[in-house]
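Visitor: Contents of entry_2.csv (CSV, C-alpha atoms and all ligand atoms):
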```csv
chain,number,residue,atom,x,y,z
D,23,MET,CA,10.9,3.6,18.9
D,24,ASN,CA,7.1,4.1,19.5
D,25,LEU,CA,4.7,3.7,22.3
D,26,LYS,CA,3.9,0.2,21.2
D,27,SER,CA,7.5,-0.8,21.0
D,28,LEU,CA,8.1,0.6,24.5
D,29,LYS,CA,5.3,-1.8,25.5
D,30,PHE,CA,4.8,0.0,28.8
D,31,LEU,CA,1.1,0.2,28.2
D,32,THR,CA,0.6,-3.3,27.0
D,33,ASN,CA,2.8,-4.9,29.6
D,34,LEU,CA,0.7,-3.3,32.3
D,35,ARG,CA,-2.2,-5.5,31.1
D,36,LYS,CA,-0.4,-8.5,29.8
D,37,GLU,CA,-0.7,-11.1,32.5
D,38,ASN,CA,-3.3,-13.8,31.8
D,39,HIS,CA,-5.1,-11.5,29.4
D,40,GLN,CA,-7.3,-13.4,26.9
D,41,PHE,CA,-8.9,-12.1,23.9
D,42,ALA,CA,-11.6,-13.3,21.4
D,43,VAL,CA,-12.1,-11.7,18.0
D,44,ILE,CA,-15.5,-12.3,16.4
D,45,GLY,CA,-15.4,-11.7,12.7
D,46,LEU,CA,-12.3,-12.4,10.7
D,47,GLY,CA,-12.6,-9.8,7.9
D,48,ARG,CA,-9.6,-7.6,7.2
D,49,PHE,CA,-10.0,-5.6,10.5
D,50,GLY,CA,-10.6,-8.7,12.6
D,51,ARG,CA,-7.7,-10.5,11.1
D,52,ALA,CA,-5.4,-7.5,11.8
D,53,VAL,CA,-6.5,-7.4,15.4
D,54,CYS,CA,-6.0,-11.1,15.8
D,55,SER,CA,-2.6,-11.3,14.3
D,56,SER,CA,-1.3,-8.2,16.1
D,57,LEU,CA,-2.4,-9.5,19.5
D,58,HIS,CA,-1.0,-13.0,18.7
D,59,GLN,CA,2.4,-11.5,17.6
D,60,MET,CA,2.5,-9.6,20.9
D,61,GLY,CA,2.2,-12.9,22.7
D,62,TYR,CA,-1.4,-12.8,23.8
D,63,GLU,CA,-3.8,-15.7,23.8
D,64,VAL,CA,-6.4,-15.0,21.0
D,65,LEU,CA,-9.4,-17.0,19.9
D,66,GLY,CA,-10.6,-16.0,16.4
D,67,THR,CA,-14.1,-16.9,15.3
D,68,ASP,CA,-16.2,-16.4,12.1
D,69,ILE,CA,-19.3,-17.9,10.7
D,70,ASP,CA,-17.4,-18.6,7.5
D,71,GLU,CA,-15.5,-21.9,7.8
D,72,LYS,CA,-13.0,-20.8,5.1
D,73,LEU,CA,-11.8,-17.8,7.1
D,74,VAL,CA,-11.5,-19.9,10.2
D,75,THR,CA,-9.3,-22.4,8.4
D,76,GLN,CA,-7.3,-19.6,6.9
D,77,ALA,CA,-6.7,-18.1,10.4
D,78,LEU,CA,-5.3,-21.4,11.6
D,79,THR,CA,-3.2,-22.0,8.5
D,80,GLN,CA,-1.7,-18.5,8.7
D,81,LYS,CA,-1.2,-18.8,12.5
D,82,ILE,CA,-2.8,-15.4,13.2
D,83,ALA,CA,-4.6,-16.8,16.3
D,84,SER,CA,-3.9,-19.3,19.1
D,85,HIS,CA,-7.3,-20.9,18.4
D,86,ALA,CA,-10.0,-20.5,15.8
D,87,ILE,CA,-13.5,-21.7,15.8
D,88,GLN,CA,-16.4,-21.5,13.3
D,89,LEU,CA,-19.6,-20.3,14.9
D,90,ASP,CA,-22.6,-18.0,14.5
D,91,SER,CA,-22.1,-15.3,17.1
D,92,THR,CA,-25.8,-14.4,17.2
D,93,GLU,CA,-26.3,-17.7,19.1
D,94,PRO,CA,-25.5,-17.3,22.8
D,95,ALA,CA,-25.1,-21.1,23.2
D,96,ALA,CA,-22.4,-21.2,20.5
D,97,LEU,CA,-20.5,-18.4,22.2
D,98,LYS,CA,-20.8,-20.1,25.6
D,99,GLU,CA,-19.6,-23.4,24.2
D,100,ALA,CA,-16.6,-21.8,22.6
D,101,GLY,CA,-15.6,-20.2,25.9
D,102,ILE,CA,-16.1,-16.6,24.7
D,103,PHE,CA,-17.9,-15.5,27.8
D,104,GLU,CA,-14.7,-16.4,29.9
D,105,MET,CA,-12.5,-14.0,27.9
D,106,ASP,CA,-11.3,-10.7,29.4
D,107,THR,CA,-11.8,-8.8,26.2
D,108,VAL,CA,-14.0,-9.5,23.2
D,109,ILE,CA,-13.6,-7.6,20.0
D,110,VAL,CA,-16.7,-7.6,17.8
D,111,ALA,CA,-15.2,-7.1,14.3
D,112,ILE,CA,-18.4,-7.3,12.3
D,113,GLY,CA,-18.8,-4.0,10.4
D,114,ASN,CA,-21.2,-4.7,7.5
D,115,TYR,CA,-23.8,-6.8,9.1
D,116,LEU,CA,-25.6,-4.4,11.5
D,117,GLN,CA,-28.0,-6.9,13.0
D,118,GLU,CA,-25.3,-9.5,13.6
D,119,SER,CA,-23.0,-6.9,15.1
D,120,ILE,CA,-25.7,-5.6,17.5
D,121,ILE,CA,-26.9,-9.0,18.6
D,122,THR,CA,-23.4,-10.3,19.1
D,123,THR,CA,-22.4,-7.3,21.2
D,124,LEU,CA,-25.6,-7.7,23.3
D,125,ASN,CA,-24.9,-11.4,23.7
D,126,VAL,CA,-21.4,-11.0,25.1
D,127,LYS,CA,-22.4,-8.0,27.4
D,128,GLU,CA,-25.4,-9.8,28.8
D,129,ALA,CA,-23.2,-12.8,29.5
D,130,GLY,CA,-21.0,-10.6,31.7
D,131,VAL,CA,-17.8,-10.1,29.5
D,132,LYS,CA,-16.1,-7.1,31.2
D,133,CYS,CA,-14.6,-5.4,28.2
D,134,VAL,CA,-16.3,-5.5,24.8
D,135,VAL,CA,-14.8,-3.5,21.9
D,136,ALA,CA,-17.0,-3.2,18.8
D,137,LYS,CA,-16.3,-2.0,15.3
D,138,ALA,CA,-18.9,0.5,13.9
D,139,SER,CA,-19.3,1.3,10.3
D,140,SER,CA,-21.4,4.4,10.8
D,141,GLU,CA,-22.4,6.9,13.4
D,142,ILE,CA,-25.8,5.3,14.0
D,143,HIS,CA,-24.2,1.9,14.2
D,144,GLY,CA,-21.8,3.3,16.9
D,145,LYS,CA,-24.8,4.7,18.9
D,146,LEU,CA,-26.6,1.4,18.8
D,147,LEU,CA,-23.5,-0.5,19.9
D,148,GLN,CA,-23.2,1.9,22.9
D,149,ARG,CA,-26.8,1.4,23.7
D,150,VAL,CA,-26.4,-2.4,23.9
D,151,GLY,CA,-23.4,-2.0,26.2
D,152,ALA,CA,-20.2,-1.9,24.2
D,153,ASP,CA,-17.5,-0.6,26.4
D,154,ARG,CA,-15.6,0.9,23.5
D,155,VAL,CA,-16.7,1.6,20.0
D,156,VAL,CA,-14.1,2.0,17.2
D,157,PHE,CA,-14.5,3.6,13.8
D,158,PRO,CA,-11.3,2.2,12.1
D,159,GLU,CA,-11.7,4.0,8.7
D,160,TYR,CA,-12.5,7.3,10.3
D,161,GLU,CA,-9.7,7.0,12.9
D,162,ALA,CA,-7.2,5.9,10.3
D,163,GLY,CA,-8.1,9.0,8.2
D,164,CYS,CA,-7.6,11.3,11.1
D,165,ALA,CA,-4.3,9.7,12.0
D,166,LEU,CA,-3.1,10.1,8.4
D,167,ALA,CA,-4.0,13.7,8.3
D,168,GLU,CA,-2.2,14.3,11.6
D,169,ASN,CA,0.8,12.4,10.4
D,170,LEU,CA,1.0,14.4,7.2
D,171,THR,CA,0.7,17.8,9.0
D,172,LYS,CA,2.7,16.9,12.1
D,173,PRO,CA,5.3,14.4,11.1
D,174,ALA,CA,7.2,14.8,14.4
D,175,LEU,CA,4.2,13.4,16.3
D,176,LEU,CA,5.1,9.7,16.2
D,177,ASP,CA,2.3,8.1,18.2
D,178,ARG,CA,-0.8,9.0,20.2
D,179,PHE,CA,-2.5,7.1,22.9
D,180,LYS,CA,-6.0,8.6,23.5
D,181,LEU,CA,-6.9,8.6,27.2
D,182,ASP,CA,-10.3,10.1,26.5
D,183,PRO,CA,-11.7,12.3,23.7
D,184,ASN,CA,-9.8,15.3,25.0
D,185,ASN,CA,-6.5,14.1,26.5
D,186,SER,CA,-3.7,12.0,25.1
D,187,ILE,CA,-0.2,10.7,25.8
D,188,VAL,CA,1.9,11.4,22.8
D,189,GLU,CA,5.3,10.5,21.5
D,190,VAL,CA,7.0,13.4,19.8
D,191,LEU,CA,10.4,14.2,18.4
D,192,VAL,CA,12.1,17.0,20.4
D,193,PRO,CA,12.0,20.0,18.1
D,194,GLU,CA,14.9,22.2,17.2
D,195,GLU,CA,13.4,25.0,19.3
D,196,PHE,CA,13.8,22.9,22.5
D,197,HIS,CA,17.4,21.7,21.8
D,198,GLY,CA,19.9,22.3,24.6
D,199,LYS,CA,17.2,23.7,26.9
D,200,THR,CA,16.2,22.1,30.3
D,201,LEU,CA,12.7,21.2,31.1
D,202,ALA,CA,12.7,24.0,33.8
D,203,GLU,CA,13.8,26.6,31.2
D,204,LEU,CA,11.1,25.4,28.7
D,205,GLN,CA,8.3,25.6,31.2
D,206,LEU,CA,6.2,23.2,29.1
D,207,ARG,CA,3.5,22.8,31.8
D,208,LEU,CA,3.1,26.6,32.0
D,209,ARG,CA,3.4,27.4,28.3
D,210,TYR,CA,1.8,24.4,26.7
D,211,GLY,CA,-0.1,22.7,29.6
D,212,ILE,CA,1.8,19.4,29.0
D,213,SER,CA,3.8,17.2,31.3
D,214,VAL,CA,6.8,15.3,30.1
D,215,LEU,CA,6.6,11.7,31.5
D,216,ALA,CA,9.7,10.3,29.9
D,217,VAL,CA,12.4,11.0,27.3
D,218,ALA,CA,13.9,8.4,25.0
D,219,HIS,CA,17.5,9.3,24.2
D,220,GLU,CA,19.8,7.0,22.3
D,221,ASP,CA,18.1,3.8,23.3
D,222,HIS,CA,17.8,4.9,27.0
D,223,LEU,CA,14.4,5.7,28.5
D,224,ILE,CA,14.6,8.4,31.2
D,225,THR,CA,11.3,8.3,33.2
D,226,ASN,CA,10.1,11.3,35.2
D,227,PRO,CA,13.0,13.5,34.0
D,228,GLU,CA,14.3,16.1,36.5
D,229,PRO,CA,13.6,19.8,35.8
D,230,GLN,CA,17.3,20.2,35.0
D,231,TYR,CA,17.2,17.5,32.3
D,232,LYS,CA,18.4,19.0,29.0
D,233,LEU,CA,16.5,18.0,25.8
D,234,THR,CA,18.3,17.1,22.6
D,235,GLN,CA,16.8,17.6,19.1
D,236,GLY,CA,15.8,14.2,17.7
D,237,SER,CA,15.3,12.6,21.1
D,238,ILE,CA,11.7,11.4,21.8
D,239,MET,CA,9.5,13.0,24.5
D,240,ILE,CA,6.6,11.1,25.9
D,241,ALA,CA,4.2,13.8,27.0
D,242,LEU,CA,0.7,14.0,28.6
D,243,GLY,CA,-1.8,16.7,27.9
D,244,ASN,CA,-4.9,18.1,26.4
D,245,ASN,CA,-5.2,17.5,22.6
D,246,GLN,CA,-5.5,21.3,21.8
D,247,ASN,CA,-2.3,22.0,23.9
D,248,ILE,CA,-0.4,19.2,22.2
D,249,GLN,CA,-1.4,20.7,18.9
D,250,ARG,CA,0.3,23.9,19.8
D,251,LEU,CA,3.7,22.3,20.3
D,252,PRO,CA,6.3,23.6,17.8
D,253,ILE,CA,6.7,20.2,16.1
D,301,LIG,P1,-13.3,-5.6,6.6
D,301,LIG,O1,-12.6,-5.7,8.0
D,301,LIG,O2,-12.8,-6.7,5.7
D,301,LIG,O3,-13.3,-4.3,6.0
D,301,LIG,P2,-15.7,-5.6,8.0
D,301,LIG,O4,-15.0,-5.4,9.2
D,301,LIG,O5,-16.7,-4.6,7.4
D,301,LIG,O6,-14.7,-6.0,6.8
D,301,LIG,P3,-17.6,-7.6,7.7
D,301,LIG,O7,-17.6,-7.9,6.2
D,301,LIG,O8,-18.7,-6.8,8.2
D,301,LIG,O9,-16.2,-7.0,8.1
D,301,LIG,O10,-17.6,-9.0,8.5
D,301,LIG,C1,-16.5,-9.4,9.2
D,301,LIG,C2,-16.7,-10.9,9.3
D,301,LIG,O11,-17.8,-11.2,10.2
D,301,LIG,C3,-17.0,-11.6,8.1
D,301,LIG,O12,-15.9,-12.5,7.8
D,301,LIG,C4,-18.2,-12.4,8.4
D,301,LIG,O13,-18.2,-13.7,7.9
D,301,LIG,C5,-18.3,-12.4,9.9
D,301,LIG,N1,-19.6,-12.6,10.4
D,301,LIG,C6,-20.8,-12.0,9.9
D,301,LIG,N2,-21.8,-12.4,10.6
D,301,LIG,C7,-21.4,-13.3,11.6
D,301,LIG,C8,-21.9,-14.1,12.6
D,301,LIG,N3,-23.3,-14.0,12.8
D,301,LIG,N4,-21.1,-14.8,13.4
D,301,LIG,C9,-19.8,-14.9,13.2
D,301,LIG,N5,-19.2,-14.2,12.2
D,301,LIG,C10,-19.9,-13.4,11.4
```
Have the structure of the file written as structure tokens, please.
Ligand code: ATP

Guide:
Amino acid sequence: MNLKSLKFLTNLRKENHQFAVIGLGRFGRAVCSSLHQMGYEVLGTDIDEKLVTQALTQKIASHAIQLDSTEPAALKEAGIFEMDTVIVAIGNYLQESIITTLNVKEAGVKCVVAKASSEIHGKLLQRVGADRVVFPEYEAGCALAENLTKPALLDRFKLDPNNSIVEVLVPEEFHGKTLAELQLRLRYGISVLAVAHEDHLITNPEPQYKLTQGSIMIALGNNQNIQRLPI
């Protein structure tokens, strides 16, 4: 079980949510197919006709259109400006990535997520209005290091740069103890939002709830405090 399989975060936003992914490289295709598999409406676009055809053949998007995203008219005609979220998945073409992000923000798209391939690229994307900038290679590297050193930390949802909701295996040290006994808020500054135990999800567990080693705690807290957990 992980945060994504619990789907409590995605379900909150599911209704009528439409996505467009601009750029169907490896990153763009992965975003497209994951969203599509989760049941969202996704429009994939690329300047390269071959990649568009491939997206349709492999059924990784609901729709796919060939267009040059530096041209506002082409974006408008494809309906990109009506999407709730647009992902600009163009990493290697700096100019195209910046112009595309500017185009969709200027047209009023509420949520624009853009992929950056360097720090300066990220800064430029923010300057032209990207609501969220992602650095996939950097983030994957950090996640791998965390996973190698803290294998009990199963998943992390970053709320902001300092705070996260994490999914962690209950450590041996916590086994058989109640939340009240453990005083996690006082000792670690974290709040337990839910516990997944043998396929049951107990939300807002009572202070008298007893933890079992191997169950999964879903906890909210500051990253430094989470790091101090004995997992
Ligand atoms: P990967 O995800 O494979 O590591 P990447 O994210 O660095 O690569 P890029 O090679 O930068 O991806 O480009 C992603 C896609 O964006 C390419 O398939 C490219 O054809 C497409 N692309 C580039 N310029 C435009 C444009 N002006 N309009 C639409 N698509 C474009």

Visitor: Return as number ranges by chain the residues of protein, DNA or RNA that approach ligand LIG 301 (chain D) to within 10 Å, with all atoms listed in the file taken into account.

Guide: D: 43-53, 66-74, 87-93, 96-97, 110-122, 137-139, 158-159

Visitor: Interatomic distance between atom CA of D:Gly243 and atom CA of D:Ser186?

Guide: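 Atom CA of D:Gly243 sits 5.8 Å away from atom CA of D:Ser186.
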
Visitor: Need to verify the contact set: D:Ile109, 6 Å, all atoms listed in the file, exclusion of same-chain residues closer than 4 positions in sequence. Can you return it as a PDB file with C-alpha atoms, in the coordinates of the input?

Guide:
```
ATOM      1  CA  VAL D  43     -12.100 -11.700  18.000  1.00  0.00           C
ATOM      2  CA  VAL D 134     -16.300  -5.500  24.800  1.00  0.00           C
ATOM      3  CA  VAL D 135     -14.800  -3.500  21.900  1.00  0.00           C
ATOM      4  CA  ALA D 136     -17.000  -3.200  18.800  1.00  0.00           C
TER       5      ALA D 136
END
```

Visitor: Please determine the residues with any atom at most 8 Å from (9.3, 20.2, 16.0) (coordinates as given in the file, with only C-alpha atoms counting) and report them as a PyMOL selection string.

Guide: chain D and resi 174+191-195+251-253

Visitor: One number please: atom CA of D:Leu223 to atom CA of D:Ile248, in Å, one decimal.

Guide: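 The value is 21.0 Å.
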
Visitor: My list of candidates is D:Leu175, D:Tyr231, D:Asn247, D:Asn185. Which is closest to D:Tyr210 when distances are computed with only C-alpha atoms?

Guide: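 Under the stated criterion, the closest residue is D:Asn247.
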
Visitor: With distances taken over only C-alpha atoms, which residue among D:Thr171, D:Ser213, D:Thr79, D:Asn244 lies nearest D:Asn226?

Guide: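 The shortest atom-to-atom distance to D:Asn226 comes from D:Ser213.
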
Visitor: How far is it from atom CA of D:Ala162 to atom CA of D:Ile102, in Å with one decimal?

Guide: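 So the two atoms, atom CA of D:Ala162 and atom CA of D:Ile102, lie 28.2 Å apart.
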
Visitor: Between D:Gly101, D:Gly151, D:Gly163, D:Pro229, which residue has the minimum interatomic distance to D:Val214, considering all atoms listed in the file?

Guide: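 Closest to D:Val214 of all the choices is D:Pro229.
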
Visitor: Residues within 10 Å of D:Lys81, please, as a list in words. Count all atoms listed in the file; anything in the same chain fewer than 3 positions from it doesn't count.

Guide: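 Here the answer would be Cys54, Ser55, His58, Gln59, Thr75, Gln76, Ala77, Leu78, Ser84, His85 and Ala86 of chain D.
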
Visitor: Restricting the calculation to all atoms listed in the file, which member of D:Gln230, D:Ala100, D:Leu146, D:Tyr160 is positioned closest to D:Gln205?

Guide: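 Ranked by minimum distance to D:Gln205, first place goes to D:Gln230.
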
Visitor: Might you pull out every residue within 8 Å of D:His39, with all atoms listed in the file counted and same-chain residues fewer than 4 positions away left off, and present them as a PyMOL selection string?

Guide: chain D and resi 35+62-63+105-107

Visitor: Have a look at D:Gly198, D:Arg178, D:Ala152, D:Asp221 and name the one nearest to D:Cys164; count all atoms listed in the file.

Guide: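 Closest to D:Cys164, using all atoms listed in the file: D:Arg178.
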
Visitor: When you count all atoms listed in the file, which of these residues is closest to D:Val131: D:Arg149, D:Phe103, D:Arg250, D:Glu189?

Guide: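 When distances to D:Val131 are compared using all atoms listed in the file, the smallest one comes from D:Phe103.
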
Visitor: Determine, counting only C-alpha atoms, every residue of protein, DNA or RNA that lies within 8 Å of (-28.7, -13.5, 26.5) in the file coordinates, then give the result as a list in words.

Guide: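 Output: Pro94, Leu124, Asn125, Val126, Glu128 and Ala129 of chain D.
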